[in-house]
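Asker: Have a peek at coords_17.csv (CSV, C-alpha atoms).
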chain,number,residue,atom,x,y,z
Y,7,ILE,CA,29.6,-111.0,75.8
Y,8,GLY,CA,26.0,-111.8,75.1
Y,9,PHE,CA,26.5,-112.8,71.5
Y,10,ALA,CA,29.5,-114.9,72.5
Y,11,LEU,CA,27.8,-116.6,75.4
Y,12,PHE,CA,24.4,-117.2,73.8
Y,13,SER,CA,25.9,-118.7,70.6
Y,14,ASP,CA,28.4,-120.9,72.5
Y,15,ASN,CA,26.1,-122.1,75.4
Y,16,PRO,CA,22.6,-123.0,74.3
Y,17,THR,CA,21.7,-124.2,77.9
Y,18,TYR,CA,22.4,-120.8,79.4
Y,19,ALA,CA,20.9,-119.0,76.4
Y,20,ALA,CA,17.6,-120.9,77.1
Y,21,LYS,CA,17.3,-119.0,80.4
Y,22,ILE,CA,17.2,-115.6,78.7
Y,23,LYS,CA,13.8,-114.3,77.7
Y,24,THR,CA,15.0,-111.4,75.6
Y,25,PHE,CA,18.5,-110.0,74.9
Y,26,PHE,CA,18.5,-106.2,74.5
Y,27,ALA,CA,21.8,-105.3,72.7
Y,28,LEU,CA,22.5,-101.6,72.9
Y,29,ALA,CA,25.2,-100.4,70.4
Y,30,PRO,CA,25.8,-104.1,69.5
Y,31,VAL,CA,29.4,-105.2,69.1
Y,32,SER,CA,30.2,-108.6,67.5
Y,33,THR,CA,32.7,-108.3,64.6
Y,34,VAL,CA,34.7,-105.0,64.9
Y,35,GLY,CA,36.6,-105.2,61.6
Y,36,TYR,CA,35.0,-102.0,60.2
Y,37,ILE,CA,35.1,-99.7,63.2
Y,38,THR,CA,35.8,-96.1,62.3
Y,39,SER,CA,37.1,-95.1,65.7
Y,40,LYS,CA,40.8,-94.1,66.0
Y,41,ILE,CA,41.1,-97.1,68.3
Y,42,ARG,CA,41.6,-99.2,65.1
Y,43,GLU,CA,45.0,-97.5,64.6
Y,44,ILE,CA,46.2,-99.1,67.8
Y,45,ALA,CA,44.9,-102.5,67.0
Y,46,PRO,CA,48.0,-103.7,65.0
Y,47,TYR,CA,50.1,-103.1,68.1
Y,48,SER,CA,47.8,-104.7,70.6
Y,49,ASN,CA,50.0,-107.8,71.2
Y,50,ILE,CA,53.0,-105.6,71.7
Y,51,ILE,CA,51.1,-103.4,74.2
Y,52,TYR,CA,49.9,-106.6,75.9
Y,53,ASN,CA,53.5,-107.9,76.3
Y,54,ILE,CA,54.7,-104.6,77.7
Y,55,LEU,CA,51.9,-104.3,80.3
Y,56,ASP,CA,52.4,-108.0,81.1
Y,57,LYS,CA,56.0,-107.3,81.9
Y,58,LEU,CA,54.9,-104.5,84.1
Y,59,SER,CA,52.4,-106.8,85.9
Y,60,ILE,CA,49.5,-104.5,84.8
Y,61,GLU,CA,46.4,-106.7,84.2
Y,62,SER,CA,43.7,-104.0,84.3
Y,63,LEU,CA,43.4,-100.6,82.6
Y,64,GLY,CA,42.0,-99.5,86.0
Y,65,ASP,CA,45.6,-99.5,87.1
Y,66,LEU,CA,46.1,-96.6,84.7
Y,67,THR,CA,43.1,-94.6,85.6
Y,68,TRP,CA,45.2,-92.0,87.4
Y,69,ILE,CA,46.8,-91.1,84.0
Y,70,PHE,CA,43.4,-90.4,82.5
Y,71,GLN,CA,42.3,-88.5,85.6
Y,72,TYR,CA,45.4,-86.3,85.2
Y,73,ILE,CA,44.6,-85.7,81.6
Y,74,VAL,CA,41.0,-84.8,82.4
Y,75,LYS,CA,42.1,-82.4,85.1
Y,76,GLU,CA,44.4,-80.6,82.6
Y,77,THR,CA,42.0,-80.5,79.7
Y,78,CYS,CA,38.3,-81.6,80.1
Y,79,ASP,CA,37.9,-80.1,83.5
Y,80,HIS,CA,39.4,-76.8,82.6
Y,81,ASN,CA,37.8,-73.4,82.0
Y,82,ASN,CA,39.9,-72.9,78.9
Y,83,GLN,CA,37.7,-73.2,75.8
Y,84,TYR,CA,40.6,-74.6,73.8
Y,85,ALA,CA,41.2,-77.3,76.4
Y,86,GLN,CA,37.5,-78.1,76.3
Y,87,MET,CA,37.7,-78.3,72.5
Y,88,LEU,CA,40.6,-80.7,72.8
Y,89,CYS,CA,38.7,-82.9,75.2
Y,90,ASN,CA,35.7,-83.0,72.9
Y,91,ASN,CA,37.8,-83.8,69.9
Y,92,VAL,CA,39.3,-86.8,71.7
Y,93,LEU,CA,35.8,-88.1,72.4
Y,94,VAL,CA,34.8,-87.6,68.8
Y,95,ALA,CA,38.0,-89.5,67.6
Y,96,LEU,CA,37.2,-92.4,69.9
Y,97,LEU,CA,33.4,-92.6,69.8
Y,98,GLY,CA,32.3,-90.7,66.7
Y,99,PRO,CA,30.7,-87.2,66.2
Y,100,THR,CA,28.1,-86.2,68.8
Y,101,GLU,CA,25.6,-83.5,68.3
Y,102,THR,CA,26.0,-81.0,71.2
Y,103,SER,CA,22.3,-81.2,71.9
Y,104,THR,CA,22.5,-85.0,72.7
Y,105,LEU,CA,25.1,-84.7,75.5
Y,106,ASN,CA,25.3,-82.9,78.8
Y,107,GLN,CA,28.6,-81.0,78.2
Y,108,THR,CA,29.2,-80.2,81.8
Y,109,ASN,CA,29.3,-83.9,82.7
Y,110,ILE,CA,32.0,-84.8,80.2
Y,111,PRO,CA,34.8,-84.5,82.8
Y,112,VAL,CA,32.9,-86.9,85.0
Y,113,PHE,CA,32.4,-89.4,82.2
Y,114,VAL,CA,36.0,-89.3,81.0
Y,115,SER,CA,37.6,-89.5,84.5
Y,116,HIS,CA,35.9,-92.8,85.2
Y,117,ASN,CA,37.2,-94.5,82.1
Y,118,PRO,CA,38.6,-96.9,81.2
Y,119,ALA,CA,37.6,-98.1,84.7
Y,120,GLY,CA,38.5,-101.8,85.3
Y,121,GLU,CA,38.8,-103.1,81.8
Y,122,SER,CA,41.0,-106.2,81.6
Y,123,VAL,CA,44.1,-105.7,79.5
Y,124,GLN,CA,43.5,-109.1,77.9
Y,125,ASP,CA,40.0,-108.0,76.9
Y,126,VAL,CA,41.4,-104.9,75.1
Y,127,VAL,CA,44.0,-107.0,73.3
Y,128,HIS,CA,41.2,-109.4,72.3
Y,129,PHE,CA,39.2,-106.5,70.9
Y,130,GLY,CA,42.3,-105.4,68.9
Y,131,GLN,CA,42.8,-109.0,67.6
Y,132,MET,CA,39.2,-109.0,66.3
Y,133,VAL,CA,39.7,-105.6,64.6
Y,134,ASN,CA,42.7,-107.1,62.8
Y,135,SER,CA,41.0,-110.4,61.9
Y,136,LYS,CA,37.5,-109.0,61.1
Y,137,GLN,CA,36.2,-112.1,62.8
Y,138,MET,CA,34.3,-112.7,66.0
Y,139,GLN,CA,36.6,-115.2,67.6
Y,140,LYS,CA,38.0,-116.3,70.9
Y,141,PHE,CA,41.2,-114.9,72.3
Y,142,ASN,CA,44.3,-115.8,70.3
Y,143,TYR,CA,47.2,-116.7,72.5
Y,144,ASN,CA,49.6,-116.3,69.5
Y,145,SER,CA,51.0,-119.8,70.2
Y,146,LYS,CA,49.8,-123.0,68.6
Y,147,ALA,CA,50.6,-124.8,71.8
Y,148,LEU,CA,48.7,-122.4,74.1
Y,149,ASN,CA,45.8,-122.3,71.6
Y,150,PHE,CA,45.7,-126.0,71.5
Y,151,ALA,CA,45.8,-126.2,75.3
Y,152,HIS,CA,42.7,-124.0,75.6
Y,153,TYR,CA,40.8,-124.9,72.4
Y,154,HIS,CA,42.1,-128.2,71.2
Y,155,GLN,CA,43.1,-126.6,67.9
Y,156,ASP,CA,45.9,-124.4,66.7
Y,157,THR,CA,43.8,-121.3,66.0
Y,158,PRO,CA,41.1,-119.6,68.1
Y,159,PRO,CA,37.6,-120.8,67.2
Y,160,LEU,CA,35.0,-118.5,65.9
Y,161,TYR,CA,31.8,-117.6,67.7
Y,162,HIS,CA,28.9,-118.7,65.5
Y,163,VAL,CA,26.1,-116.2,66.2
Y,164,GLU,CA,23.9,-117.9,63.7
Y,165,ASN,CA,23.5,-120.7,66.3
Y,166,MET,CA,22.0,-118.3,68.7
Y,167,ARG,CA,18.2,-118.7,69.2
Y,168,THR,CA,17.7,-116.1,71.8
Y,169,ASP,CA,15.0,-113.4,71.2
Y,170,THR,CA,17.1,-110.4,70.4
Y,171,VAL,CA,16.5,-106.6,70.1
Y,172,LEU,CA,19.2,-104.5,68.5
Y,173,PHE,CA,19.4,-100.8,69.3
Y,174,TRP,CA,22.0,-99.4,66.8
Y,175,SER,CA,23.0,-96.1,65.2
Y,176,ASP,CA,24.4,-94.8,62.0
Y,177,MET,CA,26.9,-92.6,63.9
Y,178,ASP,CA,28.4,-95.3,66.1
Y,179,ALA,CA,32.1,-95.6,65.6
Y,180,LEU,CA,32.5,-98.8,67.6
Y,181,ALA,CA,29.4,-100.7,66.6
Y,182,ASP,CA,29.8,-99.5,63.0
Y,183,PRO,CA,26.8,-99.9,60.7
Y,184,THR,CA,28.9,-102.2,58.4
Y,185,ASP,CA,29.6,-104.5,61.3
Y,186,VAL,CA,26.0,-104.4,62.4
Y,187,GLY,CA,24.9,-105.2,58.8
Y,188,LEU,CA,27.1,-108.3,59.0
Y,189,LEU,CA,25.5,-109.3,62.3
Y,190,VAL,CA,21.8,-108.8,61.4
Y,191,PRO,CA,21.5,-111.8,59.0
Y,192,LYS,CA,23.0,-114.1,61.6
Y,193,ILE,CA,20.3,-113.5,64.2
Y,194,GLN,CA,17.3,-115.9,64.1
Y,195,ASN,CA,14.8,-114.0,66.2
Y,196,LEU,CA,15.4,-110.3,65.7
Y,197,ARG,CA,13.8,-106.9,66.2
Y,198,GLN,CA,15.7,-103.6,65.5
Y,199,VAL,CA,15.5,-100.1,66.8
Y,200,HIS,CA,17.5,-97.9,64.4
Y,201,LEU,CA,18.7,-94.5,65.7
Y,202,LYS,CA,20.3,-91.9,63.4
Y,203,SER,CA,22.7,-89.8,65.4
Y,204,PHE,CA,23.8,-91.7,68.6
Y,205,THR,CA,27.5,-92.4,69.2
Y,206,HIS,CA,28.6,-95.5,71.1
Y,207,PHE,CA,28.3,-94.0,74.6
Y,208,ASP,CA,25.2,-91.9,73.8
Y,209,PHE,CA,23.2,-95.0,74.6
Y,210,ILE,CA,24.3,-94.3,78.2
Y,211,TRP,CA,25.2,-90.6,78.3
Y,212,ALA,CA,22.8,-88.8,75.9
Y,213,LEU,CA,20.1,-86.5,77.2
Y,214,GLN,CA,17.6,-88.3,74.9
Y,215,ALA,CA,18.7,-91.8,75.9
Y,216,SER,CA,15.7,-92.2,78.2
Y,217,LYS,CA,13.2,-91.3,75.5
Y,218,LEU,CA,14.8,-93.0,72.6
Y,219,VAL,CA,16.2,-96.1,74.2
Y,220,TYR,CA,15.1,-96.9,77.7
Y,221,GLU,CA,11.4,-96.1,77.5
Y,222,PRO,CA,10.9,-98.2,74.3
Y,223,LEU,CA,13.0,-101.0,76.0
Y,224,ILE,CA,10.9,-101.0,79.1
Y,225,ALA,CA,7.7,-101.0,76.9
Y,226,MET,CA,9.0,-104.1,75.1
Y,227,MET,CA,9.7,-105.8,78.4
Y,228,ASP,CA,6.2,-105.0,79.6
Y,229,ALA,CA,4.7,-106.3,76.4
Y,230,ARG,CA,6.7,-109.5,76.7
Y,231,MET,CA,5.5,-110.0,80.3
Y,232,LEU,CA,1.8,-109.5,79.3
Y,233,GLN,CA,2.3,-112.0,76.4
Y,234,GLN,CA,3.7,-114.5,78.8
Y,235,ASP,CA,0.9,-114.0,81.3
Y,236,HIS,CA,-1.7,-114.4,78.6
Y,237,GLN,CA,0.0,-117.7,77.4
Y,238,GLN,CA,0.0,-119.0,81.0
Y,239,GLN,CA,-3.7,-118.2,81.5
Y,240,GLN,CA,-4.5,-120.0,78.2
Y,241,LYS,CA,-2.7,-123.1,79.4
Y,242,LYS,CA,-4.5,-123.0,82.7
Y,243,GLY,CA,-7.8,-122.5,80.9
Kindly present the structure from the file in C-alpha cells form.

Answerer:
Amino acid sequence: IGFALFSDNPTYAAKIKTFFALAPVSTVGYITSKIREIAPYSNIIYNILDKLSIESLGDLTWIFQYIVKETCDHNNQYAQMLCNNVLVALLGPTETSTLNQTNIPVFVSHNPAGESVQDVVHFGQMVNSKQMQKFNYNSKALNFAHYHQDTPPLYHVENMRTDTVLFWSDMDALADPTDVGLLVPKIQNLRQVHLKSFTHFDFIWALQASKLVYEPLIAMMDARMLQQDHQQQQKKG
C-alpha cells in the first residue's frame, strides 16, 4: 500500500517523513510460498465468491477457526506438526527459537481476518504478471472505465521520493529476496536492515522482533527527530 500510494500520489507522499517497510512487498512474481500455486485460479475463486456474495475473507474465518481447533490447538504432536507445516508452506521455514510455539493457535485463528477478496485476487494477479500493477478487471471496458486504458497501469516506484527503510529477510517466502532485489534499485532515498532468518510474519510474531526490528526502528525515528530539531534551531539561529 505504501509503495503504491507514495509512487502514485506525490502530494500525499510529501507528508511522510520516513516510510518503514517491514517485509516489503511490491512485485510478488518470485514468491516461494505455496500461495503462488493458487494464483492461476484467483479470478475463478473471485467469481465463485462473488456469486456467493462473499466480499471479505473474514466471512470465512470460522472455517480457519475450526481447522485450528482440530489441529493447531490440539495436544496431539502429529496435529501440531501438521499445523507448523502449513505455516512453513505459506510463510517459509521458521526456526523454533524465533517463535512462541504456544501462541501459534492464537495467531492462526485470527487469520485471514478481514482481508478483502478483491485484494487477494489482486495479489494473485501480480504473482501471475510479475508486475506491480493496479487491479485488473479482466474487461477492456471496465479497465477503461477505471483507468482510461484497456490494461491496468503499473505503479512506478521509481517516482517515489519518500525516505524509505527496508527491513527484509532471506527466508521471507512472500517478500522474496528476488522481488526485494528488483525493488531496491527503484527507491531513491533508501536504507536497509537485512535479517537472515525471519519469515514474513516473524516481523510481528518472532520473540526477537523487538530487538532486531522495533528497537532499531525506534532508534531511527529518534535520530530523525533530533536531526529535524537541529535543523529547525539552525534556521532560527

Asker: Using only C-alpha atoms, pick whichever of Y:Arg167, Y:Ala225, Y:Gln198, Y:Leu218 has the shortest atom-to-atom distance to Y:Thr17.

Answerer: Y:Arg167

Asker: Could you tell me which of Y:Leu28, Y:Val126, Y:Ala10, Y:Ala147 comes closest to Y:Phe207 if we count all atoms listed in the file?

Answerer: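 Once distances to Y:Phe207 are computed over all atoms listed in the file, the minimum belongs to Y:Leu28.
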
Asker: Skip Y:Ile22 itself and residues of its chain fewer than 3 positions away, then list as a PyMOL selection string all residues within 9 Å of it, counting only C-alpha atoms.

Answerer: chain Y and resi 12+18-19+25+168-169

Asker: Quick one: everything within 10 Å of Y:Pro46, counting all atoms listed in the file, minus sequence neighbours fewer than 2 positions away in the same chain. Send it as a ChimeraX atom specification.

Answerer: /Y:42-44,48-51,127,130-131,133-134

Asker: Between atom CA of Y:Ala27 and atom CA of Y:Asp228, what is the distance in Å, rounded to a tenth?

Answerer: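 Straight-line distance from atom CA of Y:Ala27 to atom CA of Y:Asp228 works out to 17.1 Å.
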